[in-house]
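**Student:** What follows is run01.cif, mmCIF, C-alpha atoms and all ligand atoms.
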data_protein
#
loop_
_atom_site.label_atom_id
_atom_site.label_comp_id
_atom_site.auth_asym_id
_atom_site.auth_seq_id
_atom_site.Cartn_x
_atom_site.Cartn_y
_atom_site.Cartn_z
CA MET D 1 92.38 107.82 90.72
CA TYR D 2 94.50 105.00 89.34
CA VAL D 3 98.22 105.77 88.99
CA LEU D 4 100.61 103.62 86.98
CA GLY D 5 104.10 103.66 88.54
CA ILE D 6 107.20 102.66 86.59
CA GLU D 7 110.57 101.96 88.23
CA SER D 8 113.85 101.12 86.45
CA SER D 9 116.56 103.01 88.36
CA CYS D 10 118.76 100.03 89.22
CA ASP D 11 118.32 96.26 88.98
CA GLU D 12 114.55 95.80 89.33
CA THR D 13 112.09 96.60 86.55
CA SER D 14 108.73 97.27 88.13
CA ALA D 15 105.27 98.41 87.05
CA ALA D 16 102.44 98.92 89.51
CA ILE D 17 98.97 100.35 89.70
CA VAL D 18 97.74 101.97 92.87
CA ARG D 19 94.39 103.54 93.58
CA MET D 20 94.90 106.71 95.57
CA ASP D 21 92.20 109.06 96.75
CA GLU D 22 91.73 110.98 99.96
CA GLY D 23 92.02 108.29 102.67
CA ARG D 24 92.28 105.46 100.12
CA ARG D 25 95.49 103.64 99.17
CA ASP D 26 94.98 100.35 97.33
CA ILE D 27 97.75 98.46 95.57
CA CYS D 28 95.95 96.87 92.59
CA ALA D 29 99.12 95.36 91.08
CA ASN D 30 102.84 95.57 91.87
CA ILE D 31 104.90 93.51 89.42
CA VAL D 32 108.66 93.35 90.02
CA ALA D 33 111.01 91.71 87.51
CA SER D 34 114.23 91.30 89.45
CA GLN D 35 117.57 91.05 87.66
CA ILE D 36 119.39 89.87 90.77
CA ASP D 37 120.11 86.37 89.44
CA THR D 38 121.81 87.89 86.38
CA HIS D 39 123.94 90.40 88.29
CA ARG D 40 124.83 87.80 90.95
CA LEU D 41 127.15 86.17 88.38
CA TYR D 42 129.26 89.38 88.45
CA GLY D 43 129.02 90.09 92.20
CA GLY D 44 127.22 93.41 91.60
CA VAL D 45 125.05 95.39 89.19
CA VAL D 46 126.49 95.72 85.66
CA PRO D 47 124.85 98.92 84.31
CA GLU D 48 124.84 97.93 80.62
CA ILE D 49 123.23 94.57 81.40
CA ALA D 50 120.70 96.28 83.69
CA SER D 51 119.59 98.65 80.89
CA ARG D 52 119.17 95.82 78.40
CA ALA D 53 117.17 93.74 80.89
CA HIS D 54 114.86 96.73 81.57
CA VAL D 55 114.25 97.08 77.80
CA GLU D 56 113.29 93.41 77.60
CA ALA D 57 110.96 93.44 80.64
CA ILE D 58 109.29 96.84 80.81
CA SER D 59 106.51 96.49 78.26
CA ARG D 60 105.58 92.96 79.36
CA ILE D 61 105.36 93.79 83.06
CA THR D 62 103.37 96.99 82.43
CA TYR D 63 100.67 95.04 80.60
CA GLU D 64 100.90 92.32 83.25
CA ALA D 65 100.19 94.99 85.89
CA LEU D 66 97.16 96.23 83.92
CA ASP D 67 95.89 92.65 83.53
CA THR D 68 96.38 91.91 87.23
CA ALA D 69 94.47 95.06 88.16
CA GLY D 70 91.76 94.29 85.59
CA LEU D 71 92.23 97.73 84.03
CA SER D 72 93.12 99.23 80.67
CA LEU D 73 95.19 102.32 79.93
CA SER D 74 92.02 104.39 79.57
CA ASP D 75 91.42 103.90 83.34
CA ILE D 76 94.82 105.34 84.28
CA GLY D 77 94.78 108.93 85.58
CA ALA D 78 98.55 109.48 85.64
CA VAL D 79 101.77 107.73 84.63
CA ALA D 80 104.52 108.20 87.24
CA VAL D 81 108.11 107.28 86.50
CA THR D 82 111.37 107.37 88.43
CA THR D 83 113.56 109.98 86.72
CA HIS D 84 116.37 110.34 89.31
CA PRO D 85 118.67 109.37 90.99
CA GLY D 86 119.98 106.06 89.67
CA LEU D 87 121.93 104.42 86.85
CA ILE D 88 121.44 106.73 83.89
CA GLY D 89 121.06 104.03 81.21
CA ALA D 90 118.58 102.15 83.40
CA LEU D 91 116.55 105.29 84.20
CA LEU D 92 116.34 106.27 80.52
CA VAL D 93 114.55 103.01 79.69
CA GLY D 94 111.75 103.71 82.17
CA VAL D 95 111.51 107.41 81.33
CA ASN D 96 111.31 106.83 77.58
CA PHE D 97 108.75 104.07 77.99
CA ALA D 98 106.57 106.15 80.35
CA LYS D 99 106.78 109.15 78.03
CA SER D 100 105.67 107.15 75.01
CA LEU D 101 102.80 105.56 76.92
CA ALA D 102 101.63 108.84 78.47
CA PHE D 103 101.70 110.88 75.28
CA ALA D 104 100.28 108.16 73.01
CA HIS D 105 97.32 107.75 75.37
CA ASN D 106 97.01 111.37 76.50
CA ILE D 107 97.68 110.63 80.19
CA PRO D 108 99.48 113.13 82.49
CA LEU D 109 103.16 112.24 82.96
CA ILE D 110 104.74 112.63 86.42
CA SER D 111 108.45 112.73 87.31
CA VAL D 112 109.34 110.98 90.58
CA ASN D 113 112.47 111.16 92.72
CA HIS D 114 113.45 107.59 93.70
CA ILE D 115 114.25 108.54 97.31
CA HIS D 116 110.91 110.30 97.74
CA ALA D 117 109.26 107.20 96.28
CA HIS D 118 110.89 104.99 98.94
CA VAL D 119 109.36 107.28 101.59
CA ALA D 120 105.98 107.24 99.81
CA ALA D 121 105.83 103.45 100.39
CA ALA D 122 104.89 104.41 103.95
CA TYR D 123 101.63 106.04 102.77
CA LEU D 124 100.64 102.68 101.25
CA ALA D 125 101.51 100.90 104.50
CA ASP D 126 99.60 103.39 106.65
CA PRO D 127 96.71 105.28 105.01
CA ASP D 128 96.50 107.57 108.07
CA LEU D 129 100.09 108.78 107.72
CA ARG D 130 100.37 112.55 107.26
CA PRO D 131 103.41 114.86 107.37
CA PRO D 132 105.23 116.15 109.26
CA PHE D 133 107.44 113.17 110.09
CA LEU D 134 111.06 112.10 110.20
CA ALA D 135 112.09 109.77 107.35
CA LEU D 136 115.11 107.48 107.38
CA VAL D 137 116.05 106.26 103.90
CA VAL D 138 118.52 103.39 103.99
CA SER D 139 119.24 101.71 100.66
CA GLY D 140 122.02 100.56 98.37
CA GLY D 141 122.78 104.18 97.46
CA HIS D 142 121.52 106.26 100.39
CA THR D 143 121.64 106.64 104.14
CA SER D 144 119.78 109.87 104.78
CA LEU D 145 117.44 111.54 107.23
CA TYR D 146 114.69 113.86 106.03
CA CYS D 147 112.32 116.17 107.74
CA VAL D 148 109.19 115.63 105.63
CA THR D 149 106.96 118.69 105.98
CA GLY D 150 104.53 117.91 103.14
CA GLU D 151 103.91 114.97 100.79
CA THR D 152 106.25 116.58 98.24
CA GLU D 153 108.36 118.64 100.68
CA PHE D 154 111.62 117.07 101.89
CA GLU D 155 114.43 118.70 103.84
CA GLU D 156 117.55 116.56 104.13
CA ILE D 157 118.87 116.93 107.67
CA GLY D 158 121.49 114.16 107.63
CA CYS D 159 123.31 111.85 105.26
CA THR D 160 126.37 109.70 104.74
CA ARG D 161 129.66 111.30 103.76
CA ASP D 162 130.69 108.30 101.65
CA ASP D 163 129.16 104.83 101.22
CA ALA D 164 125.57 103.89 101.98
CA ALA D 165 124.53 101.27 104.54
CA GLY D 166 123.39 98.89 101.77
CA GLU D 167 126.75 99.18 99.99
CA ALA D 168 128.51 98.44 103.29
CA PHE D 169 126.42 95.28 103.78
CA ASP D 170 126.89 94.15 100.17
CA LYS D 171 130.66 94.68 100.19
CA ILE D 172 131.34 92.58 103.29
CA GLY D 173 128.76 90.00 102.18
CA ARG D 174 130.68 89.56 98.93
CA VAL D 175 134.07 89.29 100.66
CA ILE D 176 132.87 86.55 103.01
CA GLY D 177 131.35 84.64 100.10
CA LEU D 178 127.63 85.41 100.48
CA PRO D 179 125.53 85.74 97.32
CA TYR D 180 124.85 89.25 95.96
CA PRO D 181 123.23 91.33 97.35
CA GLY D 182 124.70 90.50 100.74
CA GLY D 183 122.30 92.53 102.90
CA ALA D 184 119.55 89.94 103.29
CA ALA D 185 122.03 87.04 103.73
CA LEU D 186 123.99 88.95 106.43
CA ASP D 187 120.69 89.71 108.17
CA LYS D 188 120.05 85.94 108.57
CA LEU D 189 123.64 84.95 109.34
CA ALA D 190 123.85 87.57 112.11
CA TYR D 191 121.41 85.50 114.22
CA GLU D 192 123.98 82.69 114.41
CA GLY D 193 126.88 84.83 115.67
CA ASP D 194 128.08 86.77 118.70
CA ALA D 195 127.55 90.52 118.18
CA THR D 196 130.30 91.32 120.71
CA ALA D 197 132.96 89.13 119.02
CA PHE D 198 134.55 91.98 117.03
CA LYS D 199 134.92 95.61 118.02
CA LEU D 200 134.34 97.78 114.93
CA PRO D 201 134.33 101.58 114.42
CA SER D 202 130.90 103.22 114.43
CA PRO D 203 129.60 104.78 111.20
CA ALA D 204 127.81 107.42 113.31
CA LEU D 205 130.07 110.48 113.26
CA ALA D 206 130.76 111.96 116.66
CA GLY D 207 128.92 115.10 117.74
CA SER D 208 125.51 116.57 117.16
CA GLU D 209 125.66 116.35 113.36
CA LEU D 210 123.31 113.82 111.75
CA ALA D 211 126.14 112.38 109.66
CA PHE D 212 127.40 108.89 108.84
CA SER D 213 130.58 107.48 107.32
CA PHE D 214 130.65 103.79 106.42
CA SER D 215 134.08 103.65 104.73
CA GLY D 216 136.04 103.25 108.00
CA LEU D 217 133.79 100.41 109.14
CA LYS D 218 134.15 98.65 105.77
CA THR D 219 137.96 98.98 105.88
CA ALA D 220 138.13 97.72 109.47
CA ALA D 221 136.07 94.64 108.59
CA LEU D 222 138.18 94.00 105.48
CA ASN D 223 141.36 94.25 107.59
CA LEU D 224 139.99 91.66 110.04
CA ILE D 225 139.18 89.29 107.17
CA ASN D 226 142.57 89.82 105.46
CA SER D 227 144.59 89.35 108.67
CA ALA D 228 142.75 86.10 109.39
CA ASN D 229 143.51 84.97 105.83
CA GLN D 230 147.20 85.84 106.24
CA ARG D 231 147.35 83.72 109.40
CA GLY D 232 145.81 80.89 107.37
CA GLU D 233 142.63 81.04 109.47
CA ASP D 234 139.02 81.42 108.43
CA ILE D 235 137.21 84.26 110.13
CA ASN D 236 134.05 83.23 111.99
CA ARG D 237 131.55 84.55 109.43
CA ALA D 238 128.54 84.47 111.75
CA ASP D 239 130.39 86.43 114.45
CA LEU D 240 131.48 88.99 111.87
CA ALA D 241 127.94 89.24 110.44
CA ALA D 242 126.53 89.74 113.96
CA SER D 243 129.15 92.33 115.01
CA TYR D 244 129.02 94.21 111.70
CA THR D 245 125.22 94.32 111.67
CA ALA D 246 125.04 95.39 115.31
CA THR D 247 127.54 98.21 114.64
CA ILE D 248 125.51 99.52 111.69
CA VAL D 249 122.17 99.16 113.47
CA HIS D 250 123.46 100.86 116.60
CA ALA D 251 124.86 103.79 114.58
CA ILE D 252 121.60 104.33 112.72
CA GLN D 253 119.57 104.02 115.92
CA LYS D 254 121.81 106.60 117.59
CA LYS D 255 121.42 109.21 114.82
CA VAL D 256 117.68 108.59 114.48
CA ASP D 257 117.36 109.11 118.24
CA LEU D 258 119.27 112.38 117.90
CA ALA D 259 117.16 113.47 114.91
CA LEU D 260 113.94 112.80 116.84
CA GLU D 261 115.35 114.80 119.75
CA GLN D 262 116.43 117.72 117.54
CA THR D 263 113.25 117.91 115.45
CA GLY D 264 110.70 116.97 118.12
CA LEU D 265 108.80 114.98 115.45
CA GLY D 266 106.34 112.35 116.69
CA THR D 267 106.44 109.94 113.73
CA LEU D 268 109.32 108.02 112.15
CA VAL D 269 109.13 106.44 108.68
CA MET D 270 111.80 103.92 107.71
CA ALA D 271 112.27 103.24 104.01
CA GLY D 272 114.58 101.70 101.38
CA GLY D 273 115.99 98.21 100.83
CA VAL D 274 117.93 98.17 104.13
CA ALA D 275 114.69 99.00 105.99
CA ALA D 276 113.96 95.29 105.41
CA ASN D 277 116.75 94.44 107.88
CA SER D 278 115.12 92.65 110.80
CA HIS D 279 117.69 93.84 113.36
CA LEU D 280 117.21 97.46 112.30
CA ARG D 281 113.42 97.14 112.37
CA ARG D 282 113.57 95.79 115.92
CA ALA D 283 116.05 98.45 117.09
CA LEU D 284 113.99 101.31 115.67
CA GLY D 285 110.82 99.71 117.05
CA ASP D 286 112.40 99.70 120.52
CA LEU D 287 113.61 103.27 120.13
CA CYS D 288 110.18 104.54 119.04
CA GLN D 289 108.47 102.69 121.86
CA ARG D 290 110.88 104.21 124.38
CA ARG D 291 110.35 107.71 122.97
CA GLY D 292 106.57 107.37 122.47
CA VAL D 293 107.02 107.95 118.74
CA LYS D 294 104.89 106.27 116.05
CA LEU D 295 106.91 104.04 113.69
CA VAL D 296 105.79 103.36 110.13
CA ALA D 297 107.84 100.50 108.65
CA PRO D 298 106.48 99.35 105.27
CA PRO D 299 106.20 95.59 104.67
CA LEU D 300 109.30 93.98 103.11
CA SER D 301 107.63 93.90 99.68
CA LEU D 302 107.55 97.72 99.69
CA CYS D 303 111.08 98.28 101.08
CA GLY D 304 113.07 97.23 98.00
CA ASP D 305 112.59 98.98 94.65
CA ASN D 306 109.02 98.66 93.35
CA GLY D 307 106.55 100.49 91.14
CA ALA D 308 103.87 100.92 93.82
CA MET D 309 106.02 103.37 95.78
CA VAL D 310 106.64 105.34 92.55
CA ALA D 311 102.91 105.47 91.85
CA ALA D 312 102.22 106.67 95.42
CA ALA D 313 104.83 109.43 95.16
CA GLY D 314 103.50 110.28 91.69
CA TYR D 315 99.98 110.75 93.05
CA PHE D 316 101.19 113.43 95.46
CA GLU D 317 103.26 115.16 92.75
CA TYR D 318 100.18 115.14 90.51
CA MET D 319 98.03 116.61 93.28
CA ALA D 320 100.68 119.33 93.74
CA GLY D 321 100.36 120.17 90.03
CA HIS D 322 103.77 118.84 89.03
CA VAL D 323 103.05 117.45 85.55
CA SER D 324 105.84 116.96 82.99
CA ASP D 325 105.94 117.53 79.25
CA THR D 326 107.76 115.78 76.39
CA SER D 327 111.08 117.34 77.42
CA LEU D 328 111.21 115.10 80.53
CA ASN D 329 114.63 113.50 80.91
CA ALA D 330 116.46 111.23 83.37
CA CYS D 331 119.29 112.28 85.68
CA ALA D 332 121.81 110.12 87.59
CA ALA D 333 122.10 112.65 90.43
CA ASP D 334 119.76 113.31 93.38
CA VAL D 335 118.62 116.67 92.00
CA MET D 336 117.28 117.16 88.46
O1 LIG G 1 116.26 100.29 97.95
P1 LIG G 1 116.99 99.22 97.26
O2 LIG G 1 116.20 98.04 96.74
O3 LIG G 1 117.79 99.79 96.05
C1 LIG G 1 118.40 101.05 96.09
O4 LIG G 1 117.67 102.05 95.89
O5 LIG G 1 119.61 101.08 96.39
O6 LIG G 1 118.12 98.71 98.27
C2 LIG G 1 118.97 97.65 97.96
C3 LIG G 1 119.86 97.40 99.16
C4 LIG G 1 120.97 96.40 98.87
O7 LIG G 1 122.18 96.96 99.31
C5 LIG G 1 120.57 95.19 99.72
O8 LIG G 1 121.66 94.43 100.19
C6 LIG G 1 119.85 95.87 100.86
O9 LIG G 1 119.08 96.86 100.24
N1 LIG G 1 119.02 94.94 101.64
C7 LIG G 1 119.24 94.64 102.93
C8 LIG G 1 118.26 93.70 103.31
N2 LIG G 1 117.46 93.46 102.22
C9 LIG G 1 117.94 94.24 101.20
N3 LIG G 1 120.20 95.08 103.78
C10 LIG G 1 120.16 94.59 105.03
N4 LIG G 1 119.27 93.68 105.46
C11 LIG G 1 118.31 93.21 104.65
N5 LIG G 1 117.41 92.32 105.10
ZN ZN G 2 115.82 102.07 95.90
#
Written as structure tokens, that's how I'd like the structure from this file.

**Tutor:**
Amino acid sequence: MYVLGIESSCDETSAAIVRMDEGRRDICANIVASQIDTHRLYGGVVPEIASRAHVEAISRITYEALDTAGLSLSDIGAVAVTTHPGLIGALLVGVNFAKSLAFAHNIPLISVNHIHAHVAAAYLADPDLRPPFLALVVSGGHTSLYCVTGETEFEEIGCTRDDAAGEAFDKIGRVIGLPYPGGAALDKLAYEGDATAFKLPSPALAGSELAFSFSGLKTAALNLINSANQRGEDINRADLAASYTATIVHAIQKKVDLALEQTGLGTLVMAGGVAANSHLRRALGDLCQRRGVKLVAPPLSLCGDNGAMVAAAGYFEYMAGHVSDTSLNACAADVM
């Protein structure tokens, strides 16, 4: 069946069509209208501006997706939309649009959790992927570990106590003058620096808990930058990027290693915008090779927010019988 996926939880408006059947996962169209250039002027996402930009883009890109796929709405078997978590005003645009489309054309409407959608990108990357597996979701809003026991069954077994890895990258990127969002720019800059130049506190909390805290790391890096400024010196940005990235990557690798040990799972899925980080991809690749675990790392185009992952997650929700009615609403929190 063809599933239309609609994503508007943050700063990308996306519409995609995927063809999903047993053993078949084709991305027929995946159109992403990014608002990054707009938000870059403010150093971060401005929710009101994000909502307005979604309103302007959503109809156009949905029809562009249909055109690209060579399909019409009568071919679509389900409309899947991200309903939570995210910026509430931004989510409401996608939810209202999907509702109107679904009910005007008599197509089943499916509610999708954004985090589950990030994980579902892995099914598009690897058609043979089946639960159970361990999923690491690292994004602008999340750093969590899930034991995925079924396509729609997620048990959170670890998370961050405060900031997410993506937020930690973006904050330091901004302070050292890199364009928003800082994650991708820090990734590149880190290759030019010495990862041992600065000793920073690990975001992996001590002990056997699968827990992270990024606030201490962020503060330590800010203190280094501020003290250099007070001495009238410029901090070596490449060294900081390399040390900061290595500290985050090492912490995530450590907790993933522990999670694999504790769960005994033989497959790891990495997902979310920060899963595009080349240092993290290499570190988790090494870890999985050492442990004899299969790693599924979606291509970069499926790591950031996109409609194809929403459509993939929506397919599984549909197959599980989870169809919504006209009362469907959006919710900023993780749980509806
Ligand atoms: O999943 P995503 O597109 O949106 C959320 O659901 O939050 O993730 C966005 C985050 C941003 O913090 C961005 O800086 C980060 O993903 N990111 C990266 C890289 N590419 C994007 N972080 C580190 N390295 C990258 N290459
Ligand atoms: Zn996301």

**Student:** For atom CA of D:Ser9 and atom CA of D:Gln253, quote the distance in Å rounded to one decimal.

**Tutor:**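 One can read the atom CA of D:Ser9 to atom CA of D:Gln253 distance as 27.7 Å.
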
**Student:** Between D:Asn277, D:Ser72, D:Thr62, D:Asn30, which residue has the minimum interatomic distance to D:Ala308, considering all atoms listed in the file?

**Tutor:**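 For D:Ala308, the nearest of the given residues is D:Asn30.
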
**Student:** What does the distance from atom CA of D:Val32 to atom CA of D:Phe97 come to in Å, to one decimal?

**Tutor:** 16.1 Å

**Student:** Would you work out the distance separating atom CA of D:Ala283 from atom CA of D:Gly183, expressed in Å to one decimal?

**Tutor:**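 So the two atoms, atom CA of D:Ala283 and atom CA of D:Gly183, lie 16.6 Å apart.
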
**Student:** Could you give me, as number ranges by chain, every polymer residue with an atom at most 6 Å away from an atom of ligand ZN 2 (chain G), counting all atoms listed in the file?

**Tutor:** D: 139, 272, 304-305

**Student:** Store the residues of this selection in a file with C-alpha atoms, as a tab-separated table (two decimals), keeping the file's coordinate frame.

**Tutor:**
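So the final result, stored in part-v9.tsv, reads:
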chain	number	residue	atom	x	y	z
D	139	SER	CA	119.24	101.71	100.66
D	272	GLY	CA	114.58	101.70	101.38
D	304	GLY	CA	113.07	97.23	98.00
D	305	ASP	CA	112.59	98.98	94.65

**Student:** Please write out the residues within 8 Å of ligand LIG 1 (chain G) as a count of residues only, counting only C-alpha atoms and all ligand atoms.

**Tutor:** 40

**Student:** Within 12 Å of D:Thr326, counting only C-alpha atoms, which residues show up once you throw out same-chain ones fewer than 6 positions away? Write them as a list in words, please.

**Tutor:** Val95, Asn96, Phe97, Ala98, Lys99, Ser100, Leu101, Ala102, Phe103, Ala104, Asn106, Ile107, Pro108, Leu109, Ile110 and Ser111 of chain D

**Student:** Could you check the closest approach to D:Val293 for each of D:Tyr2, D:Tyr244, D:Phe133, D:Phe214 and tell me which residue wins, using all atoms listed in the file?

**Tutor:**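 Selected residue with least distance to D:Val293: D:Phe133.
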
**Student:** Quick one: everything within 9 Å of stretch 88-92 of chain D, counting all atoms listed in the file, minus sequence neighbours fewer than 2 positions away in the same chain. Send it as a PyMOL selection string.

**Tutor:** chain D and resi 7-11+47-48+50-55+81-86+94-97+329-333

**Student:** Got a sec: who's within 9 Å of D:Leu66, counting all atoms listed in the file, leaving out chain neighbours fewer than 3 positions off, as a short mmCIF file (atom, residue, chain, number, x, y, z; two decimals) with C-alpha atoms, keeping the file's coordinate frame?

**Tutor:**
data_model
loop_
_atom_site.label_atom_id
_atom_site.label_comp_id
_atom_site.auth_asym_id
_atom_site.auth_seq_id
_atom_site.Cartn_x
_atom_site.Cartn_y
_atom_site.Cartn_z
CA LEU D 4 100.61 103.62 86.98
CA ALA D 15 105.27 98.41 87.05
CA ALA D 16 102.44 98.92 89.51
CA ILE D 17 98.97 100.35 89.70
CA CYS D 28 95.95 96.87 92.59
CA ALA D 29 99.12 95.36 91.08
CA ILE D 61 105.36 93.79 83.06
CA THR D 62 103.37 96.99 82.43
CA TYR D 63 100.67 95.04 80.60
CA ALA D 69 94.47 95.06 88.16
CA GLY D 70 91.76 94.29 85.59
CA LEU D 71 92.23 97.73 84.03
CA SER D 72 93.12 99.23 80.67
CA LEU D 73 95.19 102.32 79.93
#

**Student:** Can you work out which one of D:Phe212, D:Tyr191, D:Tyr42, D:Tyr123 has the shortest atom-to-atom distance to D:Asp21, counting all atoms listed in the file?

**Tutor:** D:Tyr123

**Student:** Set the distance at 12 Å and use only C-alpha atoms: which residues neighbour D:Phe154 once local chain neighbours fewer than 2 positions away are removed? I'd like the list as a ChimeraX atom specification.

**Tutor:** /D:113,115-117,119-120,131-137,144-152,156-158

**Student:** Considering all atoms listed in the file, can you say which of D:Val296, D:Leu129, D:Ala313, D:Ala242 comes closest to D:Met270?

**Tutor:**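 Closest candidate: D:Val296.
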
**Student:** Of the residues D:Val46, D:Leu280, D:Cys288, D:Ala78, which is the one nearest to D:His250, using only C-alpha atoms?

**Tutor:**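 Checking each candidate against D:His250, we get D:Leu280 as the closest.
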
**Student:** What lies within 10 Å of D:Leu222 using only C-alpha atoms, ignoring chain neighbours under 5 positions off, as JSON, numbers by chain?

**Tutor:** {"D": [171, 172, 175, 176, 216, 217, 227, 228]}

**Student:** Restricting it to C-alpha atoms, dump the selection as a CSV table (one decimal), in the coordinates of the input.

**Tutor:**
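Okay, this is what ended up in again32.csv:
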chain,number,residue,atom,x,y,z
D,171,LYS,CA,130.7,94.7,100.2
D,172,ILE,CA,131.3,92.6,103.3
D,175,VAL,CA,134.1,89.3,100.7
D,176,ILE,CA,132.9,86.6,103.0
D,216,GLY,CA,136.0,103.2,108.0
D,217,LEU,CA,133.8,100.4,109.1
D,227,SER,CA,144.6,89.4,108.7
D,228,ALA,CA,142.8,86.1,109.4

**Student:** When distances are computed from all atoms listed in the file, which of D:Val256, D:Ala312, D:Ala121, D:Leu328 shows the smallest separation from D:Ala80?

**Tutor:**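 Closest to D:Ala80 of all the choices is D:Ala312.
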